[in-house]
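Okay, so here's the structure we're looking at.
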Amino acid sequence: MAKVPAGHWVPYVEAFVDVSRSPAEHSASVVALAALVNKDKLTLFDLVSKMDMYLTTTDHIVRSRGIMLLGEIMSQISLKWLDVNAVTTLSDFFISRLSDWQALRGALVGCLALLQREPSVGTIMIADVKRLVESLIDYIPVQSLAAADRKLCFQIICCVLDHYPEAVKTMDDELLIWICQSIDEEKDPECLKLSFHLVEVVMKLFSDPSGLASQFASDLFELLSKYFPVYFTHGAGDNVGLTRDELSRTLMHAFCASPYFEPFAIPLLLDKLSSSLPLAKLDSLKYLDNCIRCYGADRMVSHTSAIWFKLKEVIFSLSSDQLLSTGSPKDAEKIKNQIVSEAKNCLKTAVTCIHSTDRDIFINLILLDEDIVNNIHSVTTEEKSICRSSNDLNQLQSLGSVISIIAESSTYFCTRVFQAHFTRLVDILGSSAGFKSQHLNICNGSSSAAFNYGALYLSVQMLSSCREVAVASRGDFPPVKSAKESWWLILEEKLDLFIHLLGKLLSIDSQPIQSAVTQKYVSCTVKGLLILATFPEHCSLLLANAYEYILLMLTSVVARKYENIHLWRLSLETLTSIGKFTVESRASKKEMIYNSIVVDKIIPLAKSCNTSMPLNLRFEACFEIGTTGVSYMLRVARSLEEAVITNISQVNEGMECAEYVAHLIDCYSSQLLPWLFTSGGVNELALSFAMRLWDEIRNVATLDRIRSQGLLDSLMMGMKFLVGVCTEEQQSLIVQKACSIISSMLSLPVKSVMHDLSSVEELVPAHSIQDTALVCLLSSVIVGLRPQTHVPDMIMMINLFSVFLLNGQIPAAHALASIFNKYLHNSEFSDENKLDKILDVILGRCFSIVLASSTLKMSHSSAATSDDANCSGMSASICLRIDILCGLAWIGKGLLMRGDEKVKDISMFLLKCLVLNQVSVGIPPHQEEHSDNVSLNASLATSAADAFHVMMSDSEVCLNKKFHARIKLLYKQRFFSILMPIFLSKIKETPAMTTKLVLYRAFGHIISNAPVSAVITEAHQILLVMVDILAKLSVDIQDKDLVYSLLLVLSGMLMDDKGKECVLENIHIIVGVLTQLVSYPHMMVVRETALQCFVAMSSFPHSKVYRMRPQVLRAAIKALDDTKRAVRQEAVRCRQTWYENYILLGVDNLALWALSSYFPVGNHHLLRGAFSCNDIIVWELTGHIMLVVSIEFWMERSFQMKSKEPLKSRECLGIENRWNYIA
């Protein structure tokens, strides 16, 4: 490849050497030169030859820059192959420069670049590495260097130890001495991380008992111990790419690097456990856990007692009051729980890892501990009650945790724990349960008839531990069964009694007691039954009758004791867990028992609407049991399907049956179908159900009764979900079935209007509710179709839906919107223009009806088919036009989502409807043809505004991913960008307030549904309009949802940098509107969000917002009396935040005189500015401290000071005590 002439690249060298150039130019020079070398347009030999003057000159500045340039280039060409001679030459040069302290950084950069090269591209020789290390030791006192140079030194020595250990293995103690000197007193976080890693590597490298590691362990650990625990004081703005946790983790690895640290590390960590600092305790426990794993059992045995006593102190005696915490009591309790949890993990590690020839040493230490013995005796006394104190409960939970940790560690330890306590605990539990009363007495601690909760809790904990041991010892469990006095034999002996006691506790008369005490008893009992029922098959103690007994007890609770909802849900969750375990373990016998007892009894609960159990609980029980396996869920689905088909014909018997069927369909479509869809095997089931529903619809004599009782909406939604999960072929079968039924039952002559939609009022006969119901159900099929599904007779179907749309049926609009959004597959529309022409005809007909100048002639019966419940007080014409407008919005939504240009026609028409009010206002009263025109236009304008909400918002009933809609990327942003300038122009041009309010409402819907990022991009144009919308619409309760949505957009602006700029420019207006919304009476979340906006604004520059402080504080104080707790809490937070960020120093007369003496206003010694507002003068002192005083007093005091009238001496008494913080 052709070489680049020197004249082309030498300027880069000169630019880098020139210290007057910017850092950006220096970096660009390095990149350019490295690129030439990498592309072989410049050789290293030519580069070094031309740079000879810069590398050897006596001018130390030029020399250091030249060596730095060469080192940086070497870093950039780390992947370029270099021969041995080149690498050796460069190594000799950079190593020789390590003695040149004025050019040291460049030499360090070059050495590091050579060390980091891979062998495949040419690497430094081992002999050169050794010379490099020796030069570091001889010439470089690391701690006298700058932080950047120290970091390079640490990187070099770490790289040597990681990748070239053979170069230093034969070195004497000079290396360790130099490392100790280099680390000592290091404070830079990044250098510390490298130094910690350096200690870890060097201790592992020289790990021989007679090696350097054992000799220097004390010195190195003394250096490390100074940094424990790690306190990271660097702020967020210090640009340190390192967290405290990362630094602490590196130090922990250094602690664990060598067992030679054990005599020093363990005492230090145990001592730090006594610290009151939460951080010290947490780190001590984490380090101790890792050190126990790394040091080995032989070294840790001597610390066994000390470790146990320290961990016991933390687990049993630690309280949040002992911790130094700046947070709330809740935060302190959370930290305490975290420390205790870490202590339990450490104890588990100690029990597992610390072994000795006497394997009983640790377990004897714990089981025979006086405190443990006393605790067990205390919590298991017969008169003991859980109600005594929360401290007793904490002690019990701690004791249970310790016993579980020991028992789970091994089969031997589990046996020891069972031998020591299990038999006695079960006996105590049995004696406490020996009473005749069938009512659980758990609140009177002195009663001998109380169940002993301590014995129950500890027994269940032990049972859980032995299950874990059984799972872990799957391969070698037979010896456990045959061993003398093993835990398995002890449990087998007491099993019948224990199950009987648990069953007795569970079967006690279920009173609807919901106290925390009762719930703890019940939770513990159910947990015990779950453990027993889910023992691994190879070591299960349960015979078939015991397993049946447990299932029968739990099933009985689910079927009968639903009044106690806590017990009911626990039992249901337990049955579900048992079922999942049975299915996963493939225990065929147990699965058969589970089927016959649980599944066969729970699933039929949903089949009848005449049981006393609430519907929601029945469906919940069936669904939860179904989740144990796909086969069970299919049984549930078929059961619900049969219940729907059976009961759908009985809806005429009353509203209760209709409500029951609606719940069945809702449960099936919203819970079962999604679950089965994720698990597979749902398609055939959905196809079968949909076909059966259409067969049943054909047999139903009066569809109008179904509609009148509210069942039609549920049937439609269920049909959408059923069709949506089917394949294209299955959907085609459903469509064919639906079309054949529609054509046979529909009284409307559809084929007569295939080419003409002009005579709409004659097409729908009187009392056509049955036709309406059929078309609505057909529309639900169309909504759920996939785009590639073949649909026959598409023209007939479009005309059918068009007829019903023009008669105000919104489901027909859903179907048309889906057709035009998906462009459903059909041979009739091979040319897309044909479908576009049909769409033009439909839109034109809709436009003409909505804007008709005279009242449309239509029969009363036709008007009665409208879905709008508010039509009763309106004329049929107004009601119909509003429904058609809504239908147009749905069609527009479908076109908008697929990116069709025809959405502009609908948008412009809706904009035309928005200003109908303005046209009416300009007509004199005597020229109006009808007195209702103004009311009609107002209703149409309002509906047109709401139509934009339909087009922009996400919908659950139509046009979403579940129903396979075509969704073009960024369609909302695009629509917002197109309409924004149009709305801003119309709002500006409109003088009439009624019309402006409608425009506000429509534009508000567009803003609130557009992505916040798109709105923030245009914030400079729309912010004031949006704030005005908030102010105007907050009057009407009907706009409360829109107000809340817009407020969320405003809060998003407050979190964005660009949005903040626009907000700051209009801060006084925004604060005024937010102040009004803090008292918004119609919606609690609006008040809460307004206060949250104030909290966000408190972080703005105080010079911009502190004038608003009194107004904000008045609003926050007023909100303290709000009726909703969430608002009051946010008000407290708001007031506290504004007080903390803007502390005002209140000054009385004497304090002001004293301050004026020290800080003369004329000289502005510490005063950085002043302003007057609301009859006060505010001087800004330093930071956020401001001096506030009334204007009248300042003028009076200024006059007194000019006249040099002295203050009386008694006025000077107690000056310091009279300063007070208003906050």
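Chain labels A, B, ... are given in the sequence in which chains occur in the structure tokens; within each chain residues are numbered consecutively from 1, and ligands are likewise numbered from 1 in the order shown.
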Skip A:Thr123 itself and residues of its chain fewer than 3 positions away, then list as a PyMOL selection string all residues within 12 Å of it, counting only C-alpha atoms.
-> chain A and resi 78-91+111-120+126-129+163-164
All residues 9 Å or closer to A:Phe196, only C-alpha atoms, same chain fewer than 4 positions away omitted, as a count of residues only | 13
Using only C-alpha atoms, which residues sit within 10 Å of A:Pro981 once same-chain residues fewer than 6 positions away are excluded, as a ChimeraX atom specification?
-> /A:987,1021-1022
Excluding A:Asn375 and any residue of its chain fewer than 6 positions from it, enumerate the residues within 8 Å of it, using only C-alpha atoms, and give them as number ranges by chain.
-> A: 395-396, 399
Rounded to one decimal place, report the atom CA of A:Lys834-atom CA of A:Met794 distance in Å.
->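 That distance, rounded to one decimal, is 11.8 Å.
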